$ cat protein_10.csv   # CSV, C-alpha atoms
chain,number,residue,atom,x,y,z
K,1,MET,CA,81.8,-88.4,-43.5
K,2,SER,CA,83.2,-90.7,-40.8
K,3,ASN,CA,81.6,-91.3,-37.4
K,4,ALA,CA,80.6,-88.3,-35.4
K,5,ILE,CA,82.6,-87.3,-32.4
K,6,ASP,CA,80.7,-87.8,-29.2
K,7,PHE,CA,81.1,-84.7,-27.0
K,8,TYR,CA,80.1,-85.3,-23.4
K,9,PHE,CA,80.0,-82.3,-21.1
K,10,ASP,CA,78.2,-80.7,-18.1
K,11,PHE,CA,76.7,-77.2,-18.4
K,12,THR,CA,78.3,-76.2,-15.1
K,13,SER,CA,81.8,-77.2,-16.2
K,14,PRO,CA,84.3,-74.4,-17.1
K,15,TYR,CA,86.5,-76.9,-19.1
K,16,GLY,CA,83.3,-78.2,-20.9
K,17,TYR,CA,82.5,-74.6,-21.8
K,18,LEU,CA,86.0,-74.0,-23.2
K,19,ALA,CA,85.7,-77.3,-25.1
K,20,SER,CA,82.4,-76.2,-26.6
K,21,ALA,CA,84.2,-73.3,-28.2
K,22,LEU,CA,86.9,-75.5,-29.6
K,23,ILE,CA,85.3,-78.8,-30.6
K,24,GLU,CA,83.6,-77.7,-33.8
K,25,PRO,CA,86.5,-76.0,-35.6
K,26,LEU,CA,88.7,-79.0,-34.6
K,27,ALA,CA,86.1,-81.5,-35.8
K,28,ALA,CA,85.5,-79.5,-39.1
K,29,ARG,CA,89.3,-79.6,-39.8
K,30,HIS,CA,89.1,-83.4,-39.7
K,31,ARG,CA,85.7,-83.5,-41.6
K,32,ARG,CA,83.8,-84.9,-38.6
K,33,ALA,CA,80.5,-84.0,-37.2
K,34,VAL,CA,80.0,-83.6,-33.4
K,35,THR,CA,77.2,-85.0,-31.3
K,36,TRP,CA,76.6,-82.9,-28.3
K,37,ARG,CA,75.8,-85.0,-25.2
K,38,PRO,CA,75.4,-82.9,-22.0
K,39,TYR,CA,75.2,-85.0,-18.9
K,40,LEU,CA,75.4,-84.5,-15.2
K,41,LEU,CA,78.8,-84.9,-13.6
K,42,GLY,CA,77.2,-85.4,-10.2
K,43,ALA,CA,76.0,-88.8,-11.3
K,44,ALA,CA,79.6,-89.7,-12.3
K,45,PHE,CA,80.9,-88.3,-9.0
K,46,LYS,CA,78.5,-90.6,-7.1
K,47,VAL,CA,79.9,-93.7,-8.9
K,48,ASN,CA,83.5,-92.5,-8.3
K,49,GLY,CA,83.0,-91.4,-4.7
K,50,SER,CA,84.5,-88.0,-5.8
K,51,ARG,CA,83.5,-84.4,-5.4
K,52,PRO,CA,83.7,-81.2,-7.5
K,53,PRO,CA,87.3,-79.8,-7.5
K,54,THR,CA,86.1,-76.7,-5.7
K,55,GLU,CA,85.3,-79.0,-2.7
K,56,VAL,CA,88.8,-80.6,-2.6
K,57,PRO,CA,91.0,-78.7,-0.2
K,58,LEU,CA,94.3,-78.4,-2.2
K,59,LYS,CA,92.6,-78.4,-5.6
K,60,SER,CA,90.1,-75.6,-5.0
K,61,ASP,CA,92.4,-72.6,-5.1
K,62,TYR,CA,94.2,-74.1,-8.1
K,63,VAL,CA,91.2,-74.6,-10.3
K,64,MET,CA,89.7,-71.2,-9.5
K,65,ARG,CA,93.0,-69.8,-10.9
K,66,ASP,CA,93.2,-72.2,-13.8
K,67,PHE,CA,89.6,-71.7,-15.1
K,68,PRO,CA,90.2,-68.0,-16.2
K,69,ARG,CA,93.8,-68.6,-17.1
K,70,SER,CA,92.8,-71.5,-19.4
K,71,ALA,CA,90.2,-69.2,-20.9
K,72,ARG,CA,92.8,-66.5,-21.6
K,73,PHE,CA,95.2,-69.1,-23.0
K,74,HIS,CA,92.6,-70.2,-25.5
K,75,GLY,CA,91.3,-66.6,-26.1
K,76,ILE,CA,87.8,-67.4,-24.9
K,77,PRO,CA,85.6,-64.9,-22.9
K,78,TYR,CA,85.2,-66.1,-19.3
K,79,ARG,CA,83.6,-64.7,-16.2
K,80,GLN,CA,83.5,-66.9,-13.1
K,81,PRO,CA,79.8,-67.5,-12.2
K,82,SER,CA,79.0,-66.3,-8.7
K,83,VAL,CA,77.0,-69.4,-8.0
K,84,PHE,CA,79.3,-72.3,-8.9
K,85,PRO,CA,79.1,-75.2,-9.4
K,86,VAL,CA,75.4,-75.7,-10.0
K,87,ALA,CA,73.2,-78.7,-10.8
K,88,ALA,CA,72.5,-78.2,-14.5
K,89,VAL,CA,69.4,-80.4,-14.6
K,90,ALA,CA,67.0,-77.9,-16.2
K,91,ALA,CA,69.6,-76.9,-18.8
K,92,THR,CA,70.3,-80.5,-19.7
K,93,ARG,CA,66.6,-81.3,-19.9
K,94,ALA,CA,66.0,-78.3,-22.2
K,95,TYR,CA,68.7,-79.5,-24.5
K,96,TYR,CA,67.4,-83.0,-24.8
K,97,TRP,CA,63.9,-81.7,-25.4
K,98,ALA,CA,65.2,-79.3,-28.1
K,99,THR,CA,67.5,-81.9,-29.8
K,100,ALA,CA,64.5,-84.3,-30.3
K,101,GLN,CA,63.0,-81.6,-32.5
K,102,ASP,CA,66.1,-80.1,-34.3
K,103,ALA,CA,69.6,-81.1,-33.4
K,104,ALA,CA,71.4,-78.2,-35.0
K,105,ARG,CA,69.1,-75.7,-33.3
K,106,ALA,CA,69.7,-77.5,-29.9
K,107,VAL,CA,73.4,-77.0,-30.3
K,108,ARG,CA,72.8,-73.3,-30.6
K,109,LEU,CA,70.7,-73.5,-27.5
K,110,ALA,CA,73.6,-75.3,-25.7
K,111,LYS,CA,76.0,-72.6,-26.7
K,112,ALA,CA,73.5,-69.9,-25.5
K,113,ILE,CA,73.2,-71.7,-22.1
K,114,TYR,CA,77.0,-71.8,-21.8
K,115,ALA,CA,77.4,-68.2,-22.8
K,116,ALA,CA,74.8,-67.1,-20.3
K,117,TYR,CA,76.4,-68.9,-17.4
K,118,PHE,CA,80.1,-68.3,-18.2
K,119,THR,CA,80.0,-64.8,-19.6
K,120,ARG,CA,76.9,-63.1,-18.1
K,121,ASP,CA,76.7,-64.8,-14.7
K,122,VAL,CA,73.1,-66.1,-15.4
K,123,ASN,CA,72.4,-68.8,-12.8
K,124,ILE,CA,71.4,-71.8,-15.0
K,125,ALA,CA,70.3,-73.8,-11.9
K,126,ASP,CA,67.2,-71.6,-12.0
K,127,ALA,CA,64.7,-73.2,-14.5
K,128,GLU,CA,63.2,-69.9,-15.3
K,129,ASN,CA,66.6,-68.6,-16.4
K,130,VAL,CA,66.9,-71.6,-18.7
K,131,VAL,CA,63.4,-70.7,-20.1
K,132,SER,CA,64.5,-67.1,-20.7
K,133,ILE,CA,67.7,-68.3,-22.5
K,134,ALA,CA,65.7,-70.6,-24.7
K,135,ALA,CA,63.2,-67.8,-25.4
K,136,SER,CA,66.0,-65.6,-26.5
K,137,GLU,CA,66.9,-68.3,-29.0
K,138,GLY,CA,63.4,-68.2,-30.4
K,139,TYR,CA,61.8,-71.1,-28.5
K,140,ASP,CA,58.3,-70.6,-27.1
K,141,ALA,CA,58.7,-69.9,-23.4
K,142,ALA,CA,55.5,-71.7,-22.4
K,143,ALA,CA,56.6,-74.8,-24.4
K,144,VAL,CA,60.0,-74.9,-22.7
K,145,ARG,CA,58.5,-74.5,-19.3
K,146,ALA,CA,56.1,-77.4,-20.0
K,147,ALA,CA,59.0,-79.5,-21.4
K,148,LEU,CA,61.0,-79.0,-18.2
K,149,ALA,CA,58.1,-80.5,-16.2
K,150,ASP,CA,57.4,-83.3,-18.7
K,151,GLN,CA,58.1,-86.8,-17.4
K,152,ALA,CA,59.1,-88.0,-20.8
K,153,VAL,CA,61.8,-85.3,-21.0
K,154,LYS,CA,63.0,-86.1,-17.5
K,155,ASP,CA,63.2,-89.8,-18.5
K,156,ARG,CA,65.1,-89.0,-21.7
K,157,THR,CA,67.6,-86.9,-19.8
K,158,LYS,CA,68.1,-89.7,-17.2
K,159,THR,CA,68.6,-92.2,-20.0
K,160,GLU,CA,71.3,-90.0,-21.6
K,161,VAL,CA,73.1,-89.4,-18.3
K,162,ASP,CA,73.1,-93.1,-17.6
K,163,ALA,CA,74.4,-93.8,-21.2
K,164,ALA,CA,77.2,-91.3,-20.7
K,165,ILE,CA,78.4,-93.0,-17.6
K,166,ALA,CA,78.0,-96.5,-19.2
K,167,ARG,CA,80.2,-95.1,-21.9
K,168,GLY,CA,82.9,-94.3,-19.3
K,169,ALA,CA,82.4,-90.5,-19.0
K,170,PHE,CA,83.5,-89.2,-15.7
K,171,GLY,CA,84.7,-85.7,-16.5
K,172,SER,CA,83.8,-82.7,-18.7
K,173,PRO,CA,84.7,-82.5,-21.5
K,174,TYR,CA,84.9,-86.2,-22.3
K,175,VAL,CA,85.2,-87.0,-25.9
K,176,VAL,CA,84.9,-90.3,-27.7
K,177,VAL,CA,86.0,-90.8,-31.3
K,178,ASP,CA,85.8,-94.3,-32.9
K,179,GLY,CA,85.8,-95.8,-29.4
K,180,GLU,CA,88.9,-93.8,-28.2
K,181,PRO,CA,88.2,-91.6,-25.1
K,182,PHE,CA,89.8,-88.2,-24.4
K,183,TRP,CA,89.2,-86.6,-21.1
K,184,GLY,CA,89.7,-82.8,-20.8
K,185,VAL,CA,90.1,-79.9,-23.0
K,186,ASP,CA,93.8,-80.4,-22.4
K,187,ARG,CA,93.6,-83.6,-24.4
K,188,PHE,CA,92.4,-81.8,-27.6
K,189,ASP,CA,96.0,-81.9,-28.9
K,190,GLN,CA,95.9,-85.7,-28.7
K,191,LEU,CA,92.4,-85.7,-30.1
K,192,ALA,CA,93.5,-83.7,-33.1
K,193,ARG,CA,96.4,-85.9,-33.8
K,194,TRP,CA,94.2,-89.0,-33.3
K,195,LEU,CA,91.8,-87.7,-35.9
K,196,ASP,CA,94.7,-87.3,-38.3
K,197,LYS,CA,95.9,-90.9,-37.6
K,198,PRO,CA,95.4,-93.1,-34.5
K,199,PHE,CA,98.8,-93.4,-32.6
Z,1,MET,CA,119.2,-66.1,-14.7
Z,2,SER,CA,115.7,-65.6,-13.3
Z,3,ASN,CA,114.2,-67.7,-10.5
Z,4,ALA,CA,114.4,-71.5,-10.9
Z,5,ILE,CA,111.3,-73.5,-11.8
Z,6,ASP,CA,110.1,-75.6,-8.9
Z,7,PHE,CA,109.2,-79.1,-10.3
Z,8,TYR,CA,107.2,-81.2,-7.9
Z,9,PHE,CA,106.6,-84.8,-8.8
Z,10,ASP,CA,106.1,-88.3,-7.3
Z,11,PHE,CA,108.4,-91.1,-8.5
Z,12,THR,CA,105.4,-93.4,-9.0
Z,13,SER,CA,103.6,-90.9,-11.3
Z,14,PRO,CA,103.5,-91.6,-15.0
Z,15,TYR,CA,102.7,-88.0,-15.8
Z,16,GLY,CA,105.6,-86.9,-13.5
Z,17,TYR,CA,107.8,-89.2,-15.5
Z,18,LEU,CA,106.7,-87.7,-18.8
Z,19,ALA,CA,107.2,-84.2,-17.3
Z,20,SER,CA,110.7,-85.2,-16.2
Z,21,ALA,CA,111.7,-85.7,-19.9
Z,22,LEU,CA,110.2,-82.4,-21.0
Z,23,ILE,CA,110.9,-79.9,-18.2
Z,24,GLU,CA,114.5,-79.3,-18.8
Z,25,PRO,CA,114.4,-78.5,-22.5
Z,26,LEU,CA,111.4,-76.3,-21.9
Z,27,ALA,CA,113.2,-74.5,-19.0
Z,28,ALA,CA,116.4,-74.1,-21.1
Z,29,ARG,CA,114.5,-72.5,-24.0
Z,30,HIS,CA,113.4,-69.8,-21.4
Z,31,ARG,CA,116.8,-69.6,-19.7
Z,32,ARG,CA,115.5,-71.0,-16.4
Z,33,ALA,CA,117.0,-73.6,-14.1
Z,34,VAL,CA,114.8,-76.4,-12.6
Z,35,THR,CA,114.7,-77.4,-9.0
Z,36,TRP,CA,113.6,-81.0,-8.8
Z,37,ARG,CA,111.4,-81.6,-5.8
Z,38,PRO,CA,110.1,-85.2,-5.5
Z,39,TYR,CA,107.3,-85.6,-2.9
Z,40,LEU,CA,104.8,-88.2,-1.9
Z,41,LEU,CA,101.3,-87.9,-3.5
Z,42,GLY,CA,99.9,-90.1,-0.8
Z,43,ALA,CA,100.4,-87.2,1.7
Z,44,ALA,CA,98.4,-84.8,-0.6
Z,45,PHE,CA,95.7,-87.5,-1.2
Z,46,LYS,CA,95.3,-87.7,2.6
Z,47,VAL,CA,94.7,-83.9,2.9
Z,48,ASN,CA,92.3,-84.1,-0.1
Z,49,GLY,CA,90.5,-87.2,0.9
Z,50,SER,CA,91.2,-88.5,-2.6
Z,51,ARG,CA,92.8,-91.7,-4.0
Z,52,PRO,CA,95.1,-92.7,-6.9
Z,53,PRO,CA,93.2,-92.6,-10.2
Z,54,THR,CA,93.6,-96.3,-10.6
Z,55,GLU,CA,91.4,-96.8,-7.5
Z,56,VAL,CA,88.6,-94.5,-8.9
Z,57,PRO,CA,86.0,-96.7,-10.7
Z,58,LEU,CA,85.4,-94.7,-13.9
Z,59,LYS,CA,88.9,-93.2,-14.0
Z,60,SER,CA,90.9,-96.4,-13.7
Z,61,ASP,CA,90.4,-97.8,-17.3
Z,62,TYR,CA,90.9,-94.3,-18.7
Z,63,VAL,CA,94.2,-93.6,-17.1
Z,64,MET,CA,95.7,-97.0,-17.9
Z,65,ARG,CA,95.0,-96.1,-21.6
Z,66,ASP,CA,96.0,-92.5,-21.3
Z,67,PHE,CA,99.5,-93.2,-19.7
Z,68,PRO,CA,101.0,-95.1,-22.7
Z,69,ARG,CA,99.1,-92.9,-25.2
Z,70,SER,CA,100.5,-89.7,-23.6
Z,71,ALA,CA,103.9,-91.3,-23.7
Z,72,ARG,CA,103.5,-92.1,-27.4
Z,73,PHE,CA,102.2,-88.6,-28.1
Z,74,HIS,CA,105.3,-87.1,-26.6
Z,75,GLY,CA,107.6,-89.7,-28.1
Z,76,ILE,CA,108.9,-90.9,-24.7
Z,77,PRO,CA,109.6,-94.6,-24.0
Z,78,TYR,CA,107.0,-96.1,-21.5
Z,79,ARG,CA,106.3,-99.5,-20.1
Z,80,GLN,CA,103.5,-99.8,-17.6
Z,81,PRO,CA,105.1,-101.0,-14.3
Z,82,SER,CA,103.6,-104.3,-13.1
Z,83,VAL,CA,103.4,-103.1,-9.5
Z,84,PHE,CA,101.6,-99.8,-9.7
Z,85,PRO,CA,101.3,-97.4,-8.0
Z,86,VAL,CA,103.9,-97.8,-5.3
Z,87,ALA,CA,105.0,-95.8,-2.3
Z,88,ALA,CA,108.1,-94.1,-3.5
Z,89,VAL,CA,109.5,-93.4,-0.1
Z,90,ALA,CA,112.9,-95.0,-0.6
Z,91,ALA,CA,113.4,-93.3,-4.0
Z,92,THR,CA,112.5,-89.9,-2.5
Z,93,ARG,CA,114.8,-90.4,0.5
Z,94,ALA,CA,117.7,-91.4,-1.8
Z,95,TYR,CA,117.1,-88.2,-3.9
Z,96,TYR,CA,117.2,-85.9,-0.9
Z,97,TRP,CA,120.3,-87.6,0.5
Z,98,ALA,CA,121.9,-87.2,-2.9
Z,99,THR,CA,120.9,-83.6,-3.5
Z,100,ALA,CA,122.4,-82.5,-0.2
Z,101,GLN,CA,125.8,-83.6,-1.7
Z,102,ASP,CA,125.5,-82.6,-5.4
Z,103,ALA,CA,122.3,-81.3,-6.9
Z,104,ALA,CA,123.1,-82.0,-10.5
Z,105,ARG,CA,124.1,-85.5,-9.8
Z,106,ALA,CA,120.9,-86.1,-7.8
Z,107,VAL,CA,118.9,-85.0,-10.9
Z,108,ARG,CA,120.7,-87.7,-12.8
Z,109,LEU,CA,119.8,-90.2,-10.0
Z,110,ALA,CA,116.1,-89.0,-10.3
Z,111,LYS,CA,116.1,-89.7,-14.0
Z,112,ALA,CA,117.7,-93.1,-13.5
Z,113,ILE,CA,115.0,-94.0,-10.9
Z,114,TYR,CA,112.2,-92.9,-13.3
Z,115,ALA,CA,113.8,-94.8,-16.2
Z,116,ALA,CA,114.1,-98.0,-14.1
Z,117,TYR,CA,110.5,-97.9,-13.0
Z,118,PHE,CA,108.9,-96.7,-16.3
Z,119,THR,CA,111.0,-98.5,-18.9
Z,120,ARG,CA,112.5,-101.6,-17.2
Z,121,ASP,CA,109.7,-102.5,-14.7
Z,122,VAL,CA,112.1,-102.2,-11.7
Z,123,ASN,CA,109.9,-102.0,-8.5
Z,124,ILE,CA,111.2,-98.8,-6.8
Z,125,ALA,CA,109.1,-99.6,-3.7
Z,126,ASP,CA,111.9,-102.1,-2.9
Z,127,ALA,CA,114.7,-100.1,-1.1
Z,128,GLU,CA,117.3,-102.6,-2.4
Z,129,ASN,CA,116.3,-101.8,-6.0
Z,130,VAL,CA,116.8,-98.1,-5.3
Z,131,VAL,CA,120.2,-99.0,-3.9
Z,132,SER,CA,121.0,-100.8,-7.1
Z,133,ILE,CA,119.9,-97.9,-9.3
Z,134,ALA,CA,122.0,-95.5,-7.3
Z,135,ALA,CA,125.0,-97.9,-7.5
Z,136,SER,CA,124.6,-98.0,-11.3
Z,137,GLU,CA,124.9,-94.2,-11.1
Z,138,GLY,CA,128.2,-94.5,-9.3
Z,139,TYR,CA,127.0,-94.1,-5.7
Z,140,ASP,CA,128.4,-96.4,-3.1
Z,141,ALA,CA,125.8,-99.0,-2.3
Z,142,ALA,CA,126.6,-99.3,1.4
Z,143,ALA,CA,126.4,-95.4,1.7
Z,144,VAL,CA,123.0,-95.4,0.0
Z,145,ARG,CA,121.7,-98.2,2.2
Z,146,ALA,CA,122.8,-96.4,5.3
Z,147,ALA,CA,121.3,-93.1,4.1
Z,148,LEU,CA,117.9,-94.8,3.6
Z,149,ALA,CA,117.9,-95.8,7.3
Z,150,ASP,CA,119.3,-92.5,8.5
Z,151,GLN,CA,116.8,-90.5,10.6
Z,152,ALA,CA,118.2,-87.2,9.3
Z,153,VAL,CA,117.4,-88.3,5.8
Z,154,LYS,CA,113.9,-89.4,6.8
Z,155,ASP,CA,113.4,-86.1,8.5
Z,156,ARG,CA,114.6,-84.1,5.5
Z,157,THR,CA,112.3,-86.0,3.2
Z,158,LYS,CA,109.3,-85.4,5.5
Z,159,THR,CA,110.2,-81.7,5.6
Z,160,GLU,CA,110.3,-81.6,1.8
Z,161,VAL,CA,107.0,-83.4,1.5
Z,162,ASP,CA,105.3,-81.1,4.0
Z,163,ALA,CA,106.7,-78.1,2.2
Z,164,ALA,CA,105.4,-79.3,-1.2
Z,165,ILE,CA,101.9,-79.6,0.3
Z,166,ALA,CA,102.2,-76.2,2.0
Z,167,ARG,CA,103.1,-74.8,-1.4
Z,168,GLY,CA,99.8,-76.2,-2.8
Z,169,ALA,CA,101.1,-79.3,-4.6
Z,170,PHE,CA,98.4,-82.0,-4.9
Z,171,GLY,CA,99.3,-83.7,-8.2
Z,172,SER,CA,102.3,-84.8,-10.3
Z,173,PRO,CA,103.8,-82.9,-12.0
Z,174,TYR,CA,103.0,-79.7,-10.2
Z,175,VAL,CA,105.2,-76.8,-11.3
Z,176,VAL,CA,105.5,-73.4,-9.7
Z,177,VAL,CA,107.2,-70.5,-11.6
Z,178,ASP,CA,107.4,-67.1,-9.9
Z,179,GLY,CA,104.5,-68.0,-7.7
Z,180,GLU,CA,102.2,-69.3,-10.6
Z,181,PRO,CA,101.2,-73.0,-10.3
Z,182,PHE,CA,100.7,-75.4,-13.2
Z,183,TRP,CA,99.3,-78.8,-12.6
Z,184,GLY,CA,99.9,-81.6,-15.1
Z,185,VAL,CA,102.2,-82.3,-18.0
Z,186,ASP,CA,99.2,-81.1,-20.0
Z,187,ARG,CA,99.7,-77.6,-18.6
Z,188,PHE,CA,103.2,-77.4,-20.1
Z,189,ASP,CA,101.8,-75.5,-23.1
Z,190,GLN,CA,100.5,-72.8,-20.7
Z,191,LEU,CA,103.8,-73.0,-18.7
Z,192,ALA,CA,105.8,-72.3,-21.8
Z,193,ARG,CA,103.7,-69.3,-22.7
Z,194,TRP,CA,103.8,-68.0,-19.2
Z,195,LEU,CA,107.6,-68.2,-19.3
Z,196,ASP,CA,107.5,-66.1,-22.4
Z,197,LYS,CA,105.1,-63.6,-20.8
Z,198,PRO,CA,102.6,-64.0,-18.0
Z,199,PHE,CA,99.1,-63.8,-19.4
$ encode --input "protein_10.csv" --output "C-alpha cells"
Amino acid sequence: MSNAIDFYFDFTSPYGYLASALIEPLAARHRRAVTWRPYLLGAAFKVNGSRPPTEVPLKSDYVMRDFPRSARFHGIPYRQPSVFPVAAVAATRAYYWATAQDAARAVRLAKAIYAAYFTRDVNIADAENVVSIAASEGYDAAAVRAALADQAVKDRTKTEVDAAIARGAFGSPYVVVDGEPFWGVDRFDQLARWLDKPF
Amino acid sequence: MSNAIDFYFDFTSPYGYLASALIEPLAARHRRAVTWRPYLLGAAFKVNGSRPPTEVPLKSDYVMRDFPRSARFHGIPYRQPSVFPVAAVAATRAYYWATAQDAARAVRLAKAIYAAYFTRDVNIADAENVVSIAASEGYDAAAVRAALADQAVKDRTKTEVDAAIARGAFGSPYVVVDGEPFWGVDRFDQLARWLDKPF
C-alpha cells in the first residue's frame, strides 16, 4: 500500500464532517489508508488573521445555507448545531489520547464525536459531553476524564495542531497526499483524480 | 425560457475565469440564459474585512498551486498573470459600457479580457490594454477610451458593483439562480443539480 492520506479537520467544521463520511470510501477505491488528524482551526485563523465564516458579514448567511445543502447534495445526515462554531479542544484531546492506544478505534471515536455534534446537537465544547460520547464507544468514562486533564495529552494535542499548521493546513478538511494539498470537500473530485494519476 | 442565471465575477479572479469557460455550456444544457455581471471583489473584501487569498499567509501558497491545477482539472488553458491580483476597474467599466449597446457582444468582450489576462499575461489593470483588447474585438479604440473616462460609465459600474454586494456576492464566481446562491466554480456540481431540480 502507498503512503497514507493525511486528513486534517476540525471537529466543529461542517465541511470536515462531510469529508469524514467521504474520505474512507474514496481512499479505499484507490487502495490508500487514511490518517485522521484533527486540529484546531482557531490556531490557523490566528496565523491568517481570519475568522470563522459565520463571523464574516457577507459570508455568514451563505455558509448557513450551504452547510445543509452540501449535506443533502452528498446524501449525508446533517443538523445544524445550536451552539456553533465551538472550540473542539476536548474532542481533539480525546482523539489523540485514544489514537495513542488504538488508531482504528480512535477513528470510530472521531466519527462518533462528529455524529453527536452534527446529527444530535450534542455540544462537543462541553468536556463532559465528550466523555459521554467516548463512554458510548466503550471507553472508560473516568479514564477519558483523567486524560482530558492530563498535561501529556494536552501537550500531544498542541504538538499535533502545530504540526498541522506547519504542514500548511488552514481549513477543514485539508488533505495531503504524497505532498499535494487539497483544501475543502469540494476538492475531493481533484483528490480522486490525483490518486488515479497526478495531473 | 426560465429566468437567466446571474453570473457575478471579478476579472482578476482565476476561479471566475474558469467559471467563465464552464457557465454557458452548463446553462445551455438546462435551457437557461446567463447574465454576466462583473463586479469588484475589493468592494466585498472591504465589507467583509477580508483580503485576497494571496495576502493570507497560509492560503497564499495553496491558491497559487490550486489555480493552475484547477485549470488543468477542467482542461482550460491557464497562465498565471505576472501582475496579480489587479484592480479590474477599467475592464469592468468597458464591459458595462459595451453591454448597454449589445449584451451578446459585451460577453465576447468579457471573454477576450479574461483570455488576455489569464492566457497571454496582458495586465488588464492598464486601461490602454483594455482599449487594445476591445479594439481587437472590433470596438473603436477612441470610443472605448472615451467611455472609460465617462462619468456615466463610472456611475453605472459603481451601481452594478453595489447591486452585486447587495445581492450577497462576496466571491468570484458567485452565481444566483432563482434566488439560490452558489459560491465558487467548485459549486457548479450543485448548481447543475439544482437546475435539474432544487434539492
$ closest_residue --input "protein_10.csv" --among "K:Glu160, K:Asp189, K:Pro77, K:Gly171" --to "Arg51 of chain K" --atoms "all atoms listed in the file"
K:Gly171
$ atom_distance --input "protein_10.csv" --atom1 "atom CA of Arg29 of chain K" --atom2 "atom CA of Arg187 of chain Z"
23.7 Å
$ residues_near_point --input "protein_10.csv" --point "(75.6, -68.5, -16.0)" --cutoff "10 Å" --atoms "all atoms listed in the file" --output "number ranges by chain"
K: 11-12, 79-84, 86, 112-126, 129-130
$ interface_residues --input "protein_10.csv" --of "chain Z" --to "chain K" --cutoff "7 Å" --atoms "only C-alpha atoms" --output "PyMOL selection string"
chain Z and resi 48+56-59+73+168+170+186+190
$ write_last_selection --input "protein_10.csv" --atoms "C-alpha atoms" --output "PDB file, keeping the file's coordinate frame"
ATOM      1  CA  ASN Z  48      92.300 -84.100  -0.100  1.00  0.00           C
ATOM      2  CA  VAL Z  56      88.600 -94.500  -8.900  1.00  0.00           C
ATOM      3  CA  PRO Z  57      86.000 -96.700 -10.700  1.00  0.00           C
ATOM      4  CA  LEU Z  58      85.400 -94.700 -13.900  1.00  0.00           C
ATOM      5  CA  LYS Z  59      88.900 -93.200 -14.000  1.00  0.00           C
ATOM      6  CA  PHE Z  73     102.200 -88.600 -28.100  1.00  0.00           C
ATOM      7  CA  GLY Z 168      99.800 -76.200  -2.800  1.00  0.00           C
ATOM      8  CA  PHE Z 170      98.400 -82.000  -4.900  1.00  0.00           C
ATOM      9  CA  ASP Z 186      99.200 -81.100 -20.000  1.00  0.00           C
ATOM     10  CA  GLN Z 190     100.500 -72.800 -20.700  1.00  0.00           C
TER      11      GLN Z 190
END
$ residues_around --input "protein_10.csv" --residues "Val131 of chain K" --least-positions-apart "5" --cutoff "10 Å" --atoms "only C-alpha atoms" --output "list in words"
Ala90, Ala91, Ala94, Ile124, Asp126, Ser136, Glu137, Tyr139, Asp140, Ala141, Ala142, Ala143, Val144, Arg145, Ala146, Ala147 and Leu148 of chain K
$ write_last_selection --input "protein_10.csv" --atoms "C-alpha atoms" --output "compact mmCIF listing (two decimals), in the coordinates of the input"
# COMPACT_ATOMS: atom_id res chain seq x y z
CA ALA K 90 67.00 -77.90 -16.20
CA ALA K 91 69.60 -76.90 -18.80
CA ALA K 94 66.00 -78.30 -22.20
CA ILE K 124 71.40 -71.80 -15.00
CA ASP K 126 67.20 -71.60 -12.00
CA SER K 136 66.00 -65.60 -26.50
CA GLU K 137 66.90 -68.30 -29.00
CA TYR K 139 61.80 -71.10 -28.50
CA ASP K 140 58.30 -70.60 -27.10
CA ALA K 141 58.70 -69.90 -23.40
CA ALA K 142 55.50 -71.70 -22.40
CA ALA K 143 56.60 -74.80 -24.40
CA VAL K 144 60.00 -74.90 -22.70
CA ARG K 145 58.50 -74.50 -19.30
CA ALA K 146 56.10 -77.40 -20.00
CA ALA K 147 59.00 -79.50 -21.40
CA LEU K 148 61.00 -79.00 -18.20
$ closest_residue --input "protein_10.csv" --among "K:Val89, K:Arg32, K:Ser20, K:Phe67" --to "Val161 of chain K" --atoms "only C-alpha atoms"
K:Val89
